[in-house]
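Participant: Before anything else, here's the structure in question.
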Amino acid sequence: MSTYTLKEITRPSGGFAMLAVDQREAMRLMFAAAGKPLPVTDRHLTDFKVNAAKILSPYASAILVDQQFCYRQVVEQNAVAKSCAMIVAADEFIPGNGLPVDSVIIDKSIDPQAVKRDGGKALKLLVLWRSDEDPQQRLQMVNDFNHLCHSHGLLSIIEPVVRPPRHSAVFDREQAIIDAAKELGDSGADLYKVEMPLFGKGTQQELLTASQKLNDQIGMPWVILSSGVDDKLFPRAVRVAMQAGASGFLAGRAVWSSVVGLPDTELMLRDVSVPKLQRLGEIVDEMMARR
């Protein structure tokens with residue numbers, strides 16, 4: 001059985017410039033917020049994701065898709081460029097307490113063999129991190145996920161995202177990101193996908209110091225995500241995170257959120273999102289060249 005290496009999902013420079021379109025109910029909410037006439041149907045989401053894959057994948061080193069809305073359609077329509085690897089989300093989101101994602105488990109319906117047959121190179125798992133929940137349970141889930149990936153020769157990408165504790169009003173997001181990295185940053189996955197410190201705000205020096213603190217805790221290659229970061233600040237965030245030791249990004253919103261719900265989606269993806277993604281890829285290459 002062939003085992004994939006990180007080269008499968010990087011640019012020739014060795015850096016990651018990866019696109020995420022695996023948002024689920026969060027994307028539905030984005031369409032609603034953009035003034036899309038309600039109800040926002042599953043079809044709206046699927047069409048947007050497939051279009052994004054077709055138009056943007058030539059400029060990405062990998063694309064992250066979800067089973068619920070677009071994996072099958074993307075595969076059937078050959079929507080992913082040959083030069084772009086496919087990553088499949090293997091997380092099942094459980095809503096609750098008014099949140100579209102209140103907890104996460106490994107999706108039992110994921111078939112790693114089928115993913116590999118369809119050309120997929122990696123699976124991704126979202127891990128919600130709360131300071132007052134059992135770390136052993138989280139570690140066990142990550143171990144199970146790593147085993148699922150590696151026993152089928154697929155790469156394992158974990159995405160710890162911090163949330164306020166369930167039973168306390170006190171929440172220090174920045175400290176939580178560091179604590180999550182301490183706990184999961186050496187957990188045997190192939191790649192760590194992390195939230196950008198300070199939401200990408202503040203001075204370059206503040207961001208660099210926060211990113212270096214994060215880098216100190218992560219014992220594997222890592223990339224940043226763009227949720228919560230203003231898309232105008234994201235290119236700088238990628239640059240600073242990479243200066244601190246990151247190897248690129250796996251992001252969706254910074255690339256395509258500004259075109260959600262607009263008419264002429266395909267045209268908008270071409271005119272607005274392609275240049276954003278190209279620019280981010282250039283930053284990744286430039287920062288890798290300095291190493």
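Naming scheme: A, B, ... for chains in displayed order of the structure tokens; residues 1 onward per chain; ligands 1 onward as shown.
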So that I can check the secondary structure, give me every residue of region 141-202 of chain A assigned alpha helix (DSSP H) by backbone DSSP, as an MDAnalysis selection string.

Facilitator: chainID A and resid 141:150 173:184

Participant: Can you check which parts of region 86-185 of chain A lie within 12 Å of region 57-66 of chain A? Per residue, the shortest pair of atoms and distance in Å to one decimal, counting only C-alpha atoms, sorted by chain and number, as a Markdown table.

Facilitator:
```
| residue | atom | partner | partner_atom | distance |
| --- | --- | --- | --- | --- |
| A:Met86 | CA | A:Ile63 | CA | 5.2 |
| A:Ile87 | CA | A:Leu64 | CA | 4.5 |
| A:Val88 | CA | A:Val65 | CA | 5.1 |
| A:Ala89 | CA | A:Asp66 | CA | 5.1 |
| A:Ala90 | CA | A:Asp66 | CA | 7.7 |
| A:Asp91 | CA | A:Asp66 | CA | 8.7 |
| A:Glu92 | CA | A:Asp66 | CA | 9.8 |
| A:Phe93 | CA | A:Asp66 | CA | 11.1 |
| A:Asp107 | CA | A:Asp66 | CA | 10.8 |
| A:Ser109 | CA | A:Asp66 | CA | 11.9 |
| A:Ile110 | CA | A:Asp66 | CA | 10.3 |
| A:Val115 | CA | A:Val65 | CA | 11.2 |
| A:Gly119 | CA | A:Ala62 | CA | 11.6 |
| A:Gly120 | CA | A:Leu64 | CA | 9.7 |
| A:Lys121 | CA | A:Ala62 | CA | 9.0 |
| A:Ala122 | CA | A:Leu64 | CA | 9.0 |
| A:Leu123 | CA | A:Leu64 | CA | 8.6 |
| A:Lys124 | CA | A:Leu64 | CA | 8.0 |
| A:Leu125 | CA | A:Asp66 | CA | 11.0 |
| A:Leu126 | CA | A:Asp66 | CA | 11.9 |
| A:Ile157 | CA | A:Leu64 | CA | 10.5 |
```

Participant: From the options A:Arg270, A:His147, A:Lys213, A:Arg24, which residue's atoms come nearest to Glu174 (chain A), counting only C-alpha atoms?

Facilitator: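 Of all the options, A:Lys213 lies closest to Glu174 (chain A).
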
Participant: Find the residues near Leu233 (chain A): any atom within 9 Å, counting only C-alpha atoms, skip ones fewer than 6 places away on the same chain, and give them as a PyMOL selection string.

Facilitator: chain A and resi 199-201+254

Participant: With only C-alpha atoms as the basis for distance, which of A:Gly98, A:Pro37, A:Gly248, A:Pro164 is at the shortest distance from Asp132 (chain A)?

Facilitator: A:Pro164
